[in-house]
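Below: structure_21.pdb (PDB, C-alpha atoms, pLDDT in the B column)
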MODEL        1
ATOM      1  CA  MET U   1     -16.855  41.080  33.585  1.00 57.00           C
ATOM      2  CA  PRO U   2     -16.761  37.639  31.841  1.00 57.00           C
ATOM      3  CA  ARG U   3     -19.727  36.499  29.840  1.00 64.00           C
ATOM      4  CA  VAL U   4     -21.446  33.360  31.023  1.00 66.00           C
ATOM      5  CA  ASN U   5     -22.026  31.509  27.727  1.00 71.00           C
ATOM      6  CA  GLU U   6     -18.843  32.557  25.966  1.00 70.00           C
ATOM      7  CA  PRO U   7     -16.436  29.665  25.204  1.00 70.00           C
ATOM      8  CA  VAL U   8     -13.043  29.734  26.818  1.00 67.00           C
ATOM      9  CA  VAL U   9     -10.216  29.878  24.309  1.00 70.00           C
ATOM     10  CA  GLU U  10      -6.911  28.323  25.251  1.00 73.00           C
ATOM     11  CA  GLU U  11      -3.840  28.310  23.121  1.00 68.00           C
ATOM     12  CA  HIS U  12      -1.312  25.503  23.179  1.00 64.00           C
ATOM     13  CA  VAL U  13       2.038  25.780  21.475  1.00 59.00           C
ATOM     14  CA  VAL U  14       3.056  22.451  20.017  1.00 56.00           C
ATOM     15  CA  GLU U  15       6.565  22.030  18.733  1.00 56.00           C
ATOM     16  CA  ARG U  16       7.228  19.466  16.065  1.00 58.00           C
ATOM     17  CA  ASP U  17      10.036  17.250  17.171  1.00 68.00           C
ATOM     18  CA  ASP U  18      12.192  14.664  15.426  1.00 71.00           C
ATOM     19  CA  ASP U  19       9.647  11.920  16.142  1.00 78.00           C
ATOM     20  CA  TYR U  20       6.990  13.853  14.242  1.00 82.00           C
ATOM     21  CA  ARG U  21       9.274  14.259  11.232  1.00 86.00           C
ATOM     22  CA  ARG U  22      10.283  10.606  11.312  1.00 85.00           C
ATOM     23  CA  VAL U  23       6.689   9.404  11.601  1.00 87.00           C
ATOM     24  CA  ARG U  24       5.624  11.656   8.748  1.00 90.00           C
ATOM     25  CA  THR U  25       8.505  10.495   6.533  1.00 91.00           C
ATOM     26  CA  VAL U  26       7.934   6.808   7.277  1.00 91.00           C
ATOM     27  CA  ARG U  27       4.215   7.070   6.610  1.00 91.00           C
ATOM     28  CA  THR U  28       4.860   8.928   3.354  1.00 95.00           C
ATOM     29  CA  VAL U  29       7.332   6.280   2.193  1.00 95.00           C
ATOM     30  CA  CYS U  30       4.867   3.519   3.100  1.00 94.00           C
ATOM     31  CA  ALA U  31       2.077   5.298   1.246  1.00 96.00           C
ATOM     32  CA  VAL U  32       4.230   5.592  -1.879  1.00 97.00           C
ATOM     33  CA  ILE U  33       5.104   1.883  -1.671  1.00 97.00           C
ATOM     34  CA  ASP U  34       1.405   1.019  -1.295  1.00 97.00           C
ATOM     35  CA  VAL U  35       0.412   3.164  -4.273  1.00 97.00           C
ATOM     36  CA  VAL U  36       3.117   1.683  -6.506  1.00 98.00           C
ATOM     37  CA  CYS U  37       2.341  -1.936  -5.564  1.00 98.00           C
ATOM     38  CA  TRP U  38      -1.426  -1.472  -5.920  1.00 98.00           C
ATOM     39  CA  THR U  39      -0.938   0.274  -9.281  1.00 97.00           C
ATOM     40  CA  PHE U  40       1.149  -2.636 -10.565  1.00 97.00           C
ATOM     41  CA  ALA U  41      -1.439  -5.143  -9.345  1.00 98.00           C
ATOM     42  CA  ILE U  42      -4.292  -3.209 -10.970  1.00 98.00           C
ATOM     43  CA  VAL U  43      -2.423  -2.951 -14.286  1.00 97.00           C
ATOM     44  CA  LEU U  44      -1.893  -6.716 -14.232  1.00 97.00           C
ATOM     45  CA  LEU U  45      -5.567  -7.311 -13.429  1.00 97.00           C
ATOM     46  CA  VAL U  46      -6.669  -5.004 -16.255  1.00 97.00           C
ATOM     47  CA  HIS U  47      -4.403  -6.891 -18.647  1.00 97.00           C
ATOM     48  CA  ILE U  48      -5.839 -10.209 -17.467  1.00 97.00           C
ATOM     49  CA  PHE U  49      -9.351  -8.876 -18.045  1.00 97.00           C
ATOM     50  CA  LEU U  50      -8.495  -7.598 -21.522  1.00 96.00           C
ATOM     51  CA  VAL U  51      -6.937 -10.923 -22.551  1.00 96.00           C
ATOM     52  CA  ILE U  52      -9.782 -13.040 -21.155  1.00 95.00           C
ATOM     53  CA  ALA U  53     -12.414 -10.763 -22.690  1.00 95.00           C
ATOM     54  CA  GLY U  54     -10.724 -11.079 -26.100  1.00 94.00           C
ATOM     55  CA  ALA U  55      -9.874  -7.419 -26.581  1.00 94.00           C
ATOM     56  CA  ASN U  56      -8.355  -6.248 -29.857  1.00 95.00           C
ATOM     57  CA  ALA U  57      -4.586  -6.731 -29.453  1.00 93.00           C
ATOM     58  CA  SER U  58      -3.807  -4.017 -32.017  1.00 95.00           C
ATOM     59  CA  ASN U  59      -5.674  -1.355 -29.996  1.00 95.00           C
ATOM     60  CA  GLY U  60      -3.489   1.358 -28.488  1.00 95.00           C
ATOM     61  CA  PHE U  61      -4.898   0.971 -24.963  1.00 95.00           C
ATOM     62  CA  PHE U  62      -4.388  -2.785 -25.066  1.00 96.00           C
ATOM     63  CA  GLN U  63      -0.798  -2.338 -26.243  1.00 96.00           C
ATOM     64  CA  PHE U  64      -0.149   0.250 -23.517  1.00 96.00           C
ATOM     65  CA  VAL U  65      -1.453  -2.038 -20.771  1.00 96.00           C
ATOM     66  CA  ALA U  66       0.332  -5.072 -22.264  1.00 96.00           C
ATOM     67  CA  GLY U  67       3.612  -3.139 -22.356  1.00 95.00           C
ATOM     68  CA  TRP U  68       3.281  -2.235 -18.691  1.00 95.00           C
ATOM     69  CA  ALA U  69       2.230  -5.763 -17.783  1.00 95.00           C
ATOM     70  CA  ASP U  70       5.250  -7.269 -19.538  1.00 94.00           C
ATOM     71  CA  GLY U  71       7.572  -5.166 -17.420  1.00 94.00           C
ATOM     72  CA  ILE U  72       6.010  -5.911 -14.019  1.00 95.00           C
ATOM     73  CA  THR U  73       5.325  -9.648 -14.098  1.00 94.00           C
ATOM     74  CA  LEU U  74       8.294 -10.393 -11.815  1.00 91.00           C
ATOM     75  CA  GLY U  75       9.633 -12.988 -14.250  1.00 90.00           C
ATOM     76  CA  LEU U  76       6.531 -15.166 -13.968  1.00 90.00           C
ATOM     77  CA  ASP U  77       5.679 -14.977 -17.689  1.00 89.00           C
ATOM     78  CA  GLY U  78       6.171 -18.654 -18.506  1.00 88.00           C
ATOM     79  CA  LEU U  79       5.707 -20.238 -15.094  1.00 91.00           C
ATOM     80  CA  PHE U  80       2.416 -21.882 -16.020  1.00 92.00           C
ATOM     81  CA  THR U  81       2.019 -23.130 -19.604  1.00 92.00           C
ATOM     82  CA  PRO U  82      -1.510 -24.420 -20.178  1.00 93.00           C
ATOM     83  CA  ASP U  83      -2.789 -24.832 -23.744  1.00 94.00           C
ATOM     84  CA  ASN U  84      -5.121 -21.848 -23.488  1.00 94.00           C
ATOM     85  CA  ALA U  85      -3.343 -18.438 -23.640  1.00 91.00           C
ATOM     86  CA  SER U  86      -6.060 -16.778 -21.541  1.00 94.00           C
ATOM     87  CA  VAL U  87      -5.627 -19.276 -18.722  1.00 95.00           C
ATOM     88  CA  ALA U  88      -1.845 -18.871 -18.898  1.00 94.00           C
ATOM     89  CA  THR U  89      -2.217 -15.095 -18.584  1.00 94.00           C
ATOM     90  CA  LEU U  90      -4.647 -15.503 -15.701  1.00 95.00           C
ATOM     91  CA  LEU U  91      -2.341 -17.808 -13.779  1.00 95.00           C
ATOM     92  CA  ASN U  92       0.973 -16.060 -14.457  1.00 95.00           C
ATOM     93  CA  GLU U  93      -0.121 -12.457 -14.129  1.00 96.00           C
ATOM     94  CA  GLY U  94      -2.636 -13.224 -11.383  1.00 96.00           C
ATOM     95  CA  LEU U  95       0.171 -14.687  -9.306  1.00 96.00           C
ATOM     96  CA  ALA U  96       2.333 -11.646 -10.069  1.00 97.00           C
ATOM     97  CA  ALA U  97      -0.485  -9.302  -8.969  1.00 97.00           C
ATOM     98  CA  ILE U  98      -0.869 -11.188  -5.689  1.00 97.00           C
ATOM     99  CA  LEU U  99       2.896 -11.087  -5.169  1.00 97.00           C
ATOM    100  CA  TRP U 100       2.949  -7.307  -5.714  1.00 97.00           C
ATOM    101  CA  LEU U 101       0.354  -6.895  -2.964  1.00 97.00           C
ATOM    102  CA  VAL U 102       2.262  -9.226  -0.638  1.00 97.00           C
ATOM    103  CA  ILE U 103       5.545  -7.439  -1.353  1.00 97.00           C
ATOM    104  CA  GLY U 104       3.935  -4.070  -0.621  1.00 97.00           C
ATOM    105  CA  GLY U 105       2.425  -5.315   2.621  1.00 96.00           C
ATOM    106  CA  LEU U 106       5.660  -6.906   3.805  1.00 96.00           C
ATOM    107  CA  LEU U 107       7.746  -3.854   2.932  1.00 96.00           C
ATOM    108  CA  THR U 108       5.442  -1.429   4.715  1.00 95.00           C
ATOM    109  CA  ALA U 109       5.204  -3.705   7.760  1.00 92.00           C
ATOM    110  CA  LEU U 110       8.977  -4.049   7.921  1.00 94.00           C
ATOM    111  CA  ILE U 111       9.601  -0.335   7.451  1.00 93.00           C
ATOM    112  CA  THR U 112       7.087   0.653  10.125  1.00 91.00           C
ATOM    113  CA  ARG U 113       8.493  -1.933  12.565  1.00 89.00           C
ATOM    114  CA  VAL U 114      12.066  -0.757  12.071  1.00 89.00           C
ATOM    115  CA  ALA U 115      11.753   2.975  11.463  1.00 87.00           C
ATOM    116  CA  LEU U 116       8.842   4.193  13.592  1.00 82.00           C
ATOM    117  CA  PRO U 117       9.352   5.174  17.221  1.00 75.00           C
ATOM    118  CA  VAL U 118       7.854   2.750  19.727  1.00 70.00           C
ATOM    119  CA  GLY U 119       4.882   4.957  20.618  1.00 66.00           C
ATOM    120  CA  HIS U 120       3.775   5.250  16.989  1.00 62.00           C
ATOM    121  CA  ARG U 121       3.937   1.607  15.949  1.00 62.00           C
ATOM    122  CA  ARG U 122       0.824  -0.392  15.254  1.00 61.00           C
ATOM    123  CA  ALA U 123      -0.457  -1.904  18.464  1.00 56.00           C
ATOM    124  CA  TRP U 124      -1.079  -5.622  18.365  1.00 56.00           C
ATOM    125  CA  TYR U 125      -3.638  -7.128  20.666  1.00 59.00           C
ATOM    126  CA  ARG U 126      -2.137  -8.469  23.856  1.00 60.00           C
ATOM    127  CA  ARG U 127      -4.084  -9.947  26.692  1.00 67.00           C
ATOM    128  CA  THR U 128      -2.497  -9.750  30.079  1.00 69.00           C
ATOM    129  CA  VAL U 129      -3.717 -11.402  33.222  1.00 72.00           C
ATOM    130  CA  ARG U 130      -2.923  -9.660  36.454  1.00 73.00           C
ATOM    131  CA  SER U 131      -3.144 -11.386  39.772  1.00 65.00           C
TER
ENDMDL
END

Please re-express this file's structure in structure tokens.
Amino acid sequence: MPRVNEPVVEEHVVERDDDYRRVRTVRTVCAVIDVVCWTFAIVLLVHIFLVIAGANASNGFFQFVAGWADGITLGLDGLFTPDNASVATLLNEGLAAILWLVIGGLLTALITRVALPVGHRRAWYRRTVRS
């Protein structure tokens, strides 16, 4: 005899198909791209802060951040050449940080548009009028 207040338990077998694997792989790749681009932007922003704040350039942490920043400026080191070195760092590395975020956003948008199945893509707002 079934009990009245006992919950009914149903079991569903769900098989993971190729779409699931593809979605998982694409989202993982996009997450890695986001993490790398945001890390580069944050390193550049930390270096900008250290230069503007007048941090000790012979400090090990400053040298570590400056070494990373030199390698990820996207060739924008001497784009702006104002008289003040702090302003030059702000402009050049600030632009590089913004470009890293734009590059990451464009790459992830392109990858998800091309590689994800239609049902898993980001839905854009569409208004339809039906007569």

For this session: Report the residues retrieved by the PyMOL selection byres ((chain U and resi 23) around 9) from the displayed file, expressed as number ranges by chain.
Result: U: 18-22, 24-28, 112, 115-117, 120

For this session: Fewer than 5 positions away in the same chain doesn't count, so skip those; otherwise give me all residues within 10 Å of Thr39 (chain U), counting only C-alpha atoms, as a list in words.
Result: Ile33, Asp34, Leu44, Leu45, Ala97, Trp100 and Leu101 of chain U

For this session: Name the residues captured by the PyMOL selection byres ((chain U and resi 95) around 10) when it is applied to the shown file; answer as a ChimeraX atom specification.
Result: /U:41,44,73-74,76,79,89-94,96-100

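Considering all atoms listed in the file, the residue among U:Val114, U:Val87, U:Leu106, U:Ile72 positioned nearest to Phe49 (chain U) is U:Val87.
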
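With only C-alpha atoms as the atoms that count, the minimum distance from Ile52 (chain U) to the choices U:Phe40, U:Asn84, U:Gly71, U:Phe64 is reached by U:Asn84.
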